[in-house]
file input_20.txt (compact mmCIF, C-alpha atoms)
# COMPACT_ATOMS: atom_id res chain seq x y z
CA MET A 1 0.00 0.00 0.00
CA LYS A 2 2.77 2.33 1.02
CA LEU A 3 4.70 1.40 -2.15
CA ALA A 4 1.65 2.10 -4.32
CA SER A 5 1.21 5.62 -2.93
CA ALA A 6 4.93 6.29 -3.36
CA ILE A 7 4.69 5.25 -7.03
CA VAL A 8 1.64 7.46 -7.54
CA LEU A 9 3.44 10.38 -5.89
CA VAL A 10 6.54 9.94 -8.09
CA LEU A 11 4.36 9.65 -11.21
CA VAL A 12 2.47 12.85 -10.32
CA LEU A 13 5.76 14.70 -9.77
CA VAL A 14 7.31 13.46 -13.02
CA LEU A 15 4.20 14.23 -15.08
CA GLY A 16 3.97 17.64 -13.41
CA ALA A 17 7.60 18.42 -14.27
CA VAL A 18 7.10 17.31 -17.89
CA TRP A 19 3.97 19.47 -18.17
CA TRP A 20 5.83 22.49 -16.68
CA VAL A 21 8.82 22.15 -19.01
CA SER A 22 6.68 21.66 -22.12
CA ASN A 23 4.59 24.75 -21.32
CA ARG A 24 7.47 27.13 -20.76
CA ALA A 25 7.94 29.57 -23.60
CA PRO A 26 11.08 28.51 -25.42
CA VAL A 27 13.86 31.16 -25.35
CA GLU A 28 14.02 32.74 -28.78
CA PRO A 29 17.40 32.01 -30.34
CA LEU A 30 17.57 35.65 -31.45
CA GLU A 31 15.91 38.08 -29.10
CA VAL A 32 15.06 41.64 -30.11
CA ASP A 33 14.08 43.92 -27.23
CA HIS A 34 13.10 47.51 -26.62
CA ALA A 35 12.64 48.34 -30.30
CA ARG A 36 11.77 52.01 -30.67
CA LEU A 37 11.86 54.70 -33.29
CA ARG A 38 12.38 58.34 -32.38
CA LEU A 39 10.00 60.69 -34.15
CA VAL A 40 11.65 63.66 -35.87
CA PRO A 41 9.32 66.26 -37.43
CA GLY A 42 9.25 67.36 -41.03
CA GLY A 43 10.08 64.15 -42.87
CA ALA A 44 13.72 64.11 -41.72
CA PRO A 45 15.47 60.77 -41.13
CA MET A 46 14.68 59.08 -37.82
CA ALA A 47 16.73 56.80 -35.60
CA GLY A 48 15.67 53.27 -34.67
CA TYR A 49 17.07 51.69 -31.51
CA PHE A 50 16.85 48.14 -30.11
CA GLU A 51 18.82 45.38 -28.43
CA LEU A 52 19.76 42.21 -30.27
CA ARG A 53 20.66 39.15 -28.19
CA ASN A 54 22.19 36.11 -29.79
CA HIS A 55 21.37 32.90 -27.88
CA LEU A 56 22.68 30.73 -30.71
CA ASP A 57 26.09 29.09 -30.59
CA VAL A 58 27.07 30.67 -33.91
CA PRO A 59 27.73 34.32 -34.78
CA VAL A 60 24.94 36.26 -36.48
CA ARG A 61 25.37 39.33 -38.63
CA LEU A 62 22.73 42.03 -39.11
CA VAL A 63 23.39 42.97 -42.74
CA ALA A 64 20.42 45.16 -43.66
CA ALA A 65 17.04 46.45 -42.61
CA ARG A 66 13.97 47.70 -44.47
CA SER A 67 10.52 49.00 -43.72
CA SER A 68 7.45 49.62 -45.84
CA ALA A 69 6.99 52.86 -43.87
CA PHE A 70 10.32 54.32 -45.10
CA GLY A 71 12.02 54.77 -48.46
CA GLN A 72 15.33 53.47 -47.14
CA VAL A 73 16.86 52.11 -43.94
CA MET A 74 20.61 52.17 -43.29
CA ILE A 75 22.73 50.82 -40.45
CA HIS A 76 24.77 53.68 -39.00
CA ARG A 77 27.05 54.44 -36.10
CA THR A 78 27.62 57.93 -34.68
CA VAL A 79 31.31 58.58 -34.20
CA VAL A 80 32.61 61.51 -32.15
CA GLU A 81 36.26 62.33 -32.76
CA ARG A 82 38.04 65.40 -31.41
CA GLY A 83 34.76 67.14 -30.70
CA SER A 84 33.29 66.49 -34.13
CA ALA A 85 30.33 64.16 -34.70
CA ARG A 86 29.64 62.25 -37.91
CA MET A 87 27.83 59.12 -39.00
CA GLU A 88 29.56 56.04 -40.27
CA HIS A 89 27.67 53.68 -42.57
CA GLN A 90 28.15 50.08 -41.35
CA SER A 91 28.54 48.62 -44.84
CA GLY A 92 29.71 45.26 -43.51
CA GLY A 93 26.75 44.99 -41.16
CA VAL A 94 26.98 44.41 -37.42
CA LEU A 95 28.25 41.15 -35.94
CA VAL A 96 26.62 39.66 -32.83
CA ALA A 97 28.85 36.93 -31.36
CA PRO A 98 27.29 33.85 -29.72
CA GLY A 99 25.88 34.74 -26.31
CA GLU A 100 26.44 38.46 -26.91
CA THR A 101 24.06 41.43 -26.95
CA VAL A 102 24.52 44.38 -29.30
CA ARG A 103 22.76 47.59 -28.34
CA PHE A 104 21.58 50.11 -30.89
CA GLU A 105 21.31 53.21 -28.69
CA PRO A 106 21.51 57.03 -28.79
CA GLY A 107 24.99 58.28 -29.64
CA GLY A 108 26.11 54.95 -31.10
CA LEU A 109 24.73 52.30 -33.43
CA HIS A 110 21.33 53.12 -34.88
CA LEU A 111 19.11 52.38 -37.84
CA MET A 112 18.71 55.49 -39.95
CA LEU A 113 15.18 55.38 -41.37
CA MET A 114 14.94 57.77 -44.30
CA ARG A 115 12.07 59.29 -46.31
CA PRO A 116 9.00 58.41 -44.20
CA LEU A 117 6.18 57.29 -46.50
CA GLN A 118 3.41 57.89 -44.00
CA VAL A 119 2.70 60.38 -41.22
CA LEU A 120 3.75 58.87 -37.92
CA GLU A 121 2.65 59.78 -34.43
CA VAL A 122 4.00 58.98 -30.99
CA GLY A 123 2.58 55.63 -29.89
CA ASP A 124 2.26 54.22 -33.44
CA SER A 125 4.11 51.06 -34.22
CA VAL A 126 6.12 50.46 -37.37
CA GLU A 127 7.22 47.14 -38.80
CA VAL A 128 10.91 46.87 -39.63
CA VAL A 129 12.44 43.78 -41.25
CA LEU A 130 15.92 42.88 -40.00
CA VAL A 131 17.99 40.86 -42.47
CA LEU A 132 20.36 38.47 -40.70
CA GLU A 133 23.20 36.27 -41.86
CA GLY A 134 23.75 33.07 -39.88
CA ALA A 135 20.19 32.86 -38.55
CA GLU A 136 17.17 30.88 -39.70
CA PRO A 137 14.93 32.39 -40.98
CA ALA A 138 17.14 35.09 -42.45
CA GLU A 139 14.49 37.77 -42.08
CA ARG A 140 12.94 38.85 -38.86
CA SER A 141 10.03 41.26 -38.63
CA VAL A 142 10.10 43.53 -35.57
CA ARG A 143 7.55 46.12 -34.41
CA PHE A 144 9.16 49.43 -33.42
CA THR A 145 7.20 51.79 -31.16
CA VAL A 146 7.28 55.47 -32.14
CA ILE A 147 8.60 57.55 -29.21
CA PRO A 148 8.83 61.38 -28.81
CA VAL A 149 11.87 63.25 -30.14
CA THR A 150 12.70 64.34 -26.58
CA SER A 151 13.06 60.76 -25.33
CA SER A 152 15.64 58.07 -25.91
CA MET B 1 48.91 66.80 18.28
CA SER B 2 46.22 64.74 19.99
CA LEU B 3 44.33 62.12 18.03
CA LYS B 4 41.12 64.09 18.50
CA ARG B 5 42.72 67.20 17.03
CA THR B 6 44.13 65.28 14.09
CA VAL B 7 40.68 63.91 13.33
CA VAL B 8 39.16 67.39 13.53
CA VAL B 9 41.83 68.87 11.23
CA ALA B 10 41.51 66.00 8.77
CA THR B 11 37.73 66.45 8.72
CA VAL B 12 38.04 70.17 8.06
CA VAL B 13 40.57 69.59 5.27
CA LEU B 14 38.37 66.92 3.68
CA ALA B 15 35.30 69.15 3.92
CA ALA B 16 37.23 72.01 2.30
CA LEU B 17 38.46 69.72 -0.46
CA SER B 18 35.00 68.36 -1.21
CA ALA B 19 33.60 71.90 -1.21
CA CYS B 20 36.29 72.79 -3.77
CA SER B 21 35.42 69.89 -6.03
CA ASP B 22 31.74 70.88 -5.81
CA ARG B 23 32.68 74.26 -7.21
CA SER B 24 34.26 72.85 -10.33
CA TRP B 25 32.34 72.77 -13.58
CA ARG B 26 31.26 69.51 -15.20
CA GLY B 27 31.77 71.11 -18.60
CA LYS B 28 34.86 72.96 -19.75
CA ASP B 29 35.32 76.55 -18.57
CA ILE B 30 35.97 78.61 -21.72
CA SER B 31 35.77 82.08 -20.11
CA SER B 32 39.38 82.94 -20.86
CA LEU B 33 39.65 80.88 -24.07
CA MET B 34 36.84 82.05 -26.33
CA PRO B 35 35.59 85.47 -27.44
CA ALA B 36 32.15 86.90 -26.64
CA LEU B 37 29.17 85.89 -28.74
CA GLU B 38 28.89 87.72 -32.03
CA PHE B 39 27.06 86.68 -35.20
CA GLU B 40 24.86 87.65 -38.10
CA LEU B 41 22.39 84.90 -38.96
CA THR B 42 18.81 84.35 -40.10
CA SER B 43 16.35 83.27 -37.44
CA GLU B 44 13.58 80.69 -37.83
CA THR B 45 11.17 83.59 -38.38
CA GLY B 46 13.11 84.56 -41.50
CA GLU B 47 14.54 87.76 -39.97
CA ALA B 48 18.20 88.76 -40.04
CA VAL B 49 19.40 88.73 -36.44
CA THR B 50 22.57 89.24 -34.37
CA GLU B 51 23.55 88.06 -30.89
CA GLN B 52 21.24 90.85 -29.63
CA VAL B 53 18.33 88.48 -30.32
CA PHE B 54 19.00 86.85 -26.93
CA ALA B 55 18.24 90.16 -25.20
CA GLY B 56 20.68 89.86 -22.34
CA ARG B 57 19.81 86.31 -21.37
CA PRO B 58 22.22 83.38 -20.99
CA VAL B 59 22.08 81.04 -23.99
CA ALA B 60 23.13 77.47 -24.75
CA ILE B 61 23.91 76.93 -28.45
CA TYR B 62 24.19 73.64 -30.33
CA PHE B 63 25.39 73.30 -33.93
CA GLY B 64 23.81 70.57 -36.06
CA PHE B 65 21.34 69.85 -38.88
CA THR B 66 17.75 68.61 -38.90
CA HIS B 67 18.49 65.56 -41.10
CA CYS B 68 20.63 64.20 -38.25
CA PRO B 69 18.69 61.28 -36.77
CA ASP B 70 20.83 60.32 -33.80
CA ILE B 71 23.25 62.70 -32.08
CA CYS B 72 21.39 66.01 -32.66
CA PRO B 73 18.02 64.95 -31.16
CA THR B 74 19.89 63.08 -28.40
CA THR B 75 21.93 66.13 -27.38
CA LEU B 76 19.07 68.62 -27.75
CA ALA B 77 16.76 66.36 -25.72
CA LYS B 78 19.38 66.17 -22.96
CA LEU B 79 19.72 69.95 -22.93
CA VAL B 80 15.95 70.45 -22.76
CA ALA B 81 15.65 67.86 -19.97
CA ALA B 82 18.43 69.64 -18.02
CA VAL B 83 16.68 73.01 -18.31
CA ARG B 84 13.44 71.39 -17.17
CA GLN B 85 15.25 70.28 -13.99
CA LEU B 86 16.27 73.85 -13.10
CA PRO B 87 14.33 75.60 -10.36
CA GLU B 88 12.19 78.61 -11.29
CA PRO B 89 12.79 81.48 -11.78
CA LEU B 90 16.25 80.40 -13.01
CA ALA B 91 14.89 78.14 -15.75
CA ARG B 92 12.90 80.98 -17.25
CA ARG B 93 16.10 82.99 -17.88
CA MET B 94 17.75 80.29 -19.96
CA GLN B 95 17.57 80.61 -23.72
CA LEU B 96 18.36 77.73 -26.11
CA ALA B 97 19.49 77.95 -29.72
CA PHE B 98 20.04 75.45 -32.53
CA VAL B 99 22.31 76.67 -35.32
CA SER B 100 21.91 74.62 -38.49
CA VAL B 101 25.10 74.29 -40.52
CA ASP B 102 23.00 72.86 -43.38
CA PRO B 103 21.26 75.99 -44.74
CA ASP B 104 20.45 74.37 -48.12
CA ARG B 105 17.95 72.00 -46.51
CA ASP B 106 17.16 73.81 -43.25
CA THR B 107 14.92 76.69 -44.25
CA PRO B 108 13.59 79.00 -41.51
CA ARG B 109 10.22 77.23 -41.69
CA ARG B 110 11.79 73.83 -41.29
CA LEU B 111 13.91 75.06 -38.39
CA ALA B 112 10.84 76.52 -36.67
CA ASP B 113 9.05 73.13 -36.85
CA TYR B 114 12.15 71.34 -35.61
CA THR B 115 12.93 73.54 -32.60
CA ALA B 116 9.23 73.64 -31.60
CA ALA B 117 9.35 69.86 -31.19
CA PHE B 118 11.97 70.29 -28.46
CA SER B 119 11.12 73.45 -26.56
CA ASP B 120 9.32 76.75 -27.02
CA ARG B 121 12.43 78.50 -25.71
CA MET B 122 14.67 77.08 -28.44
CA LEU B 123 15.43 79.41 -31.34
CA GLY B 124 16.45 78.00 -34.72
CA LEU B 125 19.17 79.90 -36.60
CA SER B 126 21.09 79.47 -39.84
CA GLY B 127 22.80 81.62 -42.42
CA THR B 128 24.96 81.82 -45.50
CA GLN B 129 28.13 79.73 -45.64
CA ARG B 130 30.12 82.91 -45.03
CA GLN B 131 28.10 83.73 -41.89
CA LEU B 132 28.29 80.16 -40.59
CA ARG B 133 32.04 79.85 -41.26
CA SER B 134 32.67 83.13 -39.48
CA LEU B 135 30.72 81.99 -36.38
CA THR B 136 32.18 78.46 -36.22
CA ARG B 137 35.75 79.72 -36.78
CA ARG B 138 35.29 82.17 -33.94
CA TYR B 139 34.73 79.19 -31.61
CA ARG B 140 37.28 76.92 -33.31
CA ILE B 141 34.68 74.35 -34.32
CA THR B 142 34.20 72.79 -37.72
CA TYR B 143 31.51 71.38 -39.96
CA GLY B 144 31.61 69.66 -43.32
CA TYR B 145 29.51 67.85 -45.89
CA GLU B 146 29.87 64.16 -46.72
CA ASP B 147 29.42 62.73 -50.22
CA ALA B 148 25.80 62.58 -51.40
CA ARG B 149 24.01 59.22 -51.62
CA GLU B 150 22.17 58.03 -54.73
CA ASP B 151 18.97 59.81 -53.69
CA GLY B 152 20.85 63.11 -53.24
CA SER B 153 20.71 63.01 -49.44
CA TYR B 154 23.91 63.64 -47.52
CA ASP B 155 25.25 63.75 -43.97
CA VAL B 156 26.94 66.66 -42.26
CA SER B 157 29.75 66.43 -39.72
CA HIS B 158 29.46 68.99 -36.95
CA SER B 159 30.61 69.92 -33.46
CA SER B 160 29.31 67.61 -30.75
CA ALA B 161 29.52 70.15 -27.92
CA ILE B 162 27.07 72.73 -26.56
CA LEU B 163 28.47 76.26 -26.08
CA VAL B 164 27.07 78.30 -23.21
CA PHE B 165 27.23 82.11 -23.05
CA GLY B 166 26.42 84.39 -20.13
CA ALA B 167 23.84 87.18 -20.08
CA GLY B 168 26.37 89.66 -21.49
CA GLY B 169 27.34 87.32 -24.33
CA GLU B 170 30.59 86.29 -22.60
CA ALA B 171 31.80 82.76 -23.37
CA ARG B 172 31.35 80.53 -20.30
CA LEU B 173 31.19 76.80 -20.90
CA MET B 174 31.63 74.03 -23.42
CA LEU B 175 29.41 71.05 -22.55
CA LEU B 176 30.58 67.83 -24.16
CA ASP B 177 28.05 65.29 -25.43
CA SER B 178 29.31 62.79 -22.84
CA LEU B 179 27.79 64.79 -19.94
CA SER B 180 24.58 63.50 -18.35
CA VAL B 181 21.37 65.50 -17.95
CA ALA B 182 22.15 65.94 -14.23
CA GLU B 183 25.66 67.24 -14.99
CA ILE B 184 24.38 69.73 -17.57
CA ALA B 185 21.66 70.85 -15.13
CA ALA B 186 24.25 71.33 -12.35
CA ASP B 187 26.41 73.58 -14.55
CA LEU B 188 23.49 75.63 -15.85
CA GLU B 189 22.08 76.06 -12.34
CA ARG B 190 25.43 77.31 -11.04
CA LEU B 191 25.83 79.69 -13.96
CA LEU B 192 22.32 81.09 -13.60
CA SER B 193 22.51 81.47 -9.80
CA GLU B 194 25.83 83.32 -10.06
CA ALA B 195 24.26 85.66 -12.61
CA ALA B 196 21.24 86.19 -10.35
CA GLU B 197 23.53 86.98 -7.35
CA ASN B 198 25.52 89.50 -9.38
CA ALA B 199 22.32 91.14 -10.60
CA ASN B 200 21.10 91.57 -6.99
CA ARG B 201 24.34 93.19 -5.86
CA PRO B 202 23.93 97.00 -5.42

call {"tool": "encode", "arguments": {"input": "input_20.txt", "output": "structure tokens"}}
result
Amino acid sequence: MKLASAIVLVLVLVLGAVWWVSNRAPVEPLEVDHARLRLVPGGAPMAGYFELRNHLDVPVRLVAARSSAFGQVMIHRTVVERGSARMEHQSGGVLVAPGETVRFEPGGLHLMLMRPLQVLEVGDSVEVVLVLEGAEPAERSVRFTVIPVTSS
Amino acid sequence: MSLKRTVVVATVVLAALSACSDRSWRGKDISSLMPALEFELTSETGEAVTEQVFAGRPVAIYFGFTHCPDICPTTLAKLVAAVRQLPEPLARRMQLAFVSVDPDRDTPRRLADYTAAFSDRMLGLSGTQRQLRSLTRRYRITYGYEDAREDGSYDVSHSSAILVFGAGGEARLMLLDSLSVAEIAADLERLLSEAAENANRP
């Protein structure tokens, strides 16, 4: 009798553990967080910021980005040298090593989204397709939230 | 010297030292390095203006261009946030200006829309290449145009620092882009309170 209840208890625990593991959301191999786009008035280019985490065991390279809401999207980095600021086009893309996180943030790496094709407002969300080398699938659609020009 | 006395002396020295460090600027003091503010430009209203447009108020000036997606909005937003942290009535005295070094694209109208998005106390200015070169040379800063892309758009390199002038147009501070909002606010508050004290002196 005692043995039977022990077996039932073990079975319940094992089944419970299996159920818990199978219901946990799997970690995305490539995680994109905090995707936002800073609204600049007058149709000028805007900056897109986000964090890209690579949980894969191979390097991944962000090689391009595009959006149906903009005429062109480029990958840029702001460089400040001897008090002078300029933008550097990342023509080779941006490498994210296995286990690493690359941050696109104010004053550094950013997407430059040019020629807005629609009027955007704070709170809107815009779809941007990230093109990745080394990841499957090679294209990843991300929703960027439009934030005010005075925020980061 | 007794231990007690040593401790007291050490405390006094430390207090004096920390008071000294509190009095230092976060930005770079340019009072003796740069000349007073002087320019001829066109304001966002389309009028020809000089440094007199600031009517005896302290002003923080940033040089950039409106087609600059990253560093210009980032720096201007920091400056606006710093001014917002200042206590009244100090904050009300502070004037902000954005000088576009890209006059071909940045018309007065465009500048007015741009500065309004940041603050109603920010004045947009630009001018001819001759006027802009004369102003930037005066403060030993540079700007330049990069090669145009296929669609004709181009980037502009420009100074990353904010220049701050006192109420009489005297050069006071250069605030580098690496400073935080709190550091910018601390410098502006000190500058404005000093000016207020001097104004109250008989």

call {"tool": "residues_around", "arguments": {"input": "input_20.txt", "residues": "Gly48 of chain A", "least_positions_apart": "3", "cutoff": "9 Å", "atoms": "all atoms listed in the file", "output": "list in words"}}
result
Ala35, Arg36, Leu37, Arg38, Phe104, Glu105, His110, Leu111, Met112, Leu113 and Phe144 of chain A; Pro69 and Asp70 of chain B

call {"tool": "interface_residues", "arguments": {"input": "input_20.txt", "of": "chain B", "to": "chain A", "cutoff": "10 Å", "atoms": "only C-alpha atoms", "output": "compact mmCIF listing (two decimals) with C-alpha atoms, keeping the file's coordinate frame"}}
result
# COMPACT_ATOMS: atom_id res chain seq x y z
CA GLY B 64 23.81 70.57 -36.06
CA PHE B 65 21.34 69.85 -38.88
CA THR B 66 17.75 68.61 -38.90
CA HIS B 67 18.49 65.56 -41.10
CA CYS B 68 20.63 64.20 -38.25
CA PRO B 69 18.69 61.28 -36.77
CA ASP B 70 20.83 60.32 -33.80
CA ILE B 71 23.25 62.70 -32.08
CA CYS B 72 21.39 66.01 -32.66
CA PRO B 73 18.02 64.95 -31.16
CA THR B 74 19.89 63.08 -28.40
CA THR B 75 21.93 66.13 -27.38
CA LEU B 76 19.07 68.62 -27.75
CA ALA B 77 16.76 66.36 -25.72
CA LYS B 78 19.38 66.17 -22.96
CA LEU B 79 19.72 69.95 -22.93
CA VAL B 80 15.95 70.45 -22.76
CA ALA B 81 15.65 67.86 -19.97
CA ARG B 109 10.22 77.23 -41.69
CA ARG B 110 11.79 73.83 -41.29
CA LEU B 111 13.91 75.06 -38.39
CA ASP B 113 9.05 73.13 -36.85
CA TYR B 114 12.15 71.34 -35.61
CA THR B 115 12.93 73.54 -32.60
CA ALA B 116 9.23 73.64 -31.60
CA ALA B 117 9.35 69.86 -31.19
CA PHE B 118 11.97 70.29 -28.46
CA SER B 119 11.12 73.45 -26.56
CA ILE B 141 34.68 74.35 -34.32
CA THR B 142 34.20 72.79 -37.72
CA TYR B 143 31.51 71.38 -39.96
CA GLY B 144 31.61 69.66 -43.32
CA TYR B 145 29.51 67.85 -45.89
CA GLU B 146 29.87 64.16 -46.72
CA ASP B 151 18.97 59.81 -53.69
CA SER B 153 20.71 63.01 -49.44
CA ASP B 155 25.25 63.75 -43.97
CA VAL B 156 26.94 66.66 -42.26
CA SER B 157 29.75 66.43 -39.72
CA HIS B 158 29.46 68.99 -36.95
CA SER B 159 30.61 69.92 -33.46
CA SER B 160 29.31 67.61 -30.75
CA ALA B 161 29.52 70.15 -27.92
CA LEU B 176 30.58 67.83 -24.16
CA ASP B 177 28.05 65.29 -25.43
CA SER B 178 29.31 62.79 -22.84

call {"tool": "atom_distance", "arguments": {"input": "input_20.txt", "atom1": "atom CA of Arg149 of chain B", "atom2": "atom CA of Glu133 of chain A"}}
result
25.0 Å

call {"tool": "residues_around", "arguments": {"input": "input_20.txt", "residues": "Met34 of chain B", "least_positions_apart": "5", "cutoff": "12 Å", "atoms": "only C-alpha atoms", "output": "list in words"}}
result
Lys28, Asp29, Leu135, Thr136, Arg137, Arg138, Tyr139, Arg140, Ile141, Leu163, Val164, Phe165, Gly169, Glu170, Ala171, Arg172, Leu173 and Met174 of chain B

call {"tool": "atom_distance", "arguments": {"input": "input_20.txt", "atom1": "atom CA of Leu90 of chain B", "atom2": "atom CA of Ser193 of chain B"}}
result
7.1 Å

call {"tool": "residues_around", "arguments": {"input": "input_20.txt", "residues": "Ala97 of chain A", "least_positions_apart": "2", "cutoff": "10 Å", "atoms": "all atoms listed in the file", "output": "list of chain:residue names"}}
result
A:Arg53, A:Asn54, A:His55, A:Leu56, A:Asp57, A:Val58, A:Pro59, A:Val60, A:Arg61, A:Val94, A:Leu95, A:Gly99, A:Glu100, A:Thr101, A:Val102

call {"tool": "residues_around", "arguments": {"input": "input_20.txt", "residues": "Ala65 of chain A", "least_positions_apart": "5", "cutoff": "7 Å", "atoms": "all atoms listed in the file", "output": "PyMOL selection string"}}
result
chain A and resi 73-74+128-131

call {"tool": "atom_distance", "arguments": {"input": "input_20.txt", "atom1": "atom CA of Leu96 of chain B", "atom2": "atom CA of Val53 of chain B"}}
result
11.5 Å

call {"tool": "axis_aligned_box", "arguments": {"input": "input_20.txt", "around": "segment 48-56 of chain A", "padding_each_side": "4 Å", "output": "JSON"}}
result
{"center_x": 19.2, "center_y": 42.0, "center_z": -31.3, "size_x": 15.0, "size_y": 30.5, "size_z": 14.8}

call {"tool": "closest_residue", "arguments": {"input": "input_20.txt", "among": "B:Pro87, B:Ala55, B:Tyr154, B:Ala185", "to": "Asp102 of chain B", "atoms": "all atoms listed in the file"}}
result
B:Tyr154

call {"tool": "residues_near_point", "arguments": {"input": "input_20.txt", "point": "(13.8, 88.6, -17.4)", "cutoff": "8 Å", "atoms": "only C-alpha atoms", "output": "number ranges by chain"}}
result
B: 57, 92-93

call {"tool": "residues_around", "arguments": {"input": "input_20.txt", "residues": "Asp187 of chain B", "least_positions_apart": "6", "cutoff": "8 Å", "atoms": "only C-alpha atoms", "output": "PyMOL selection string"}}
result
chain B and resi 25-27
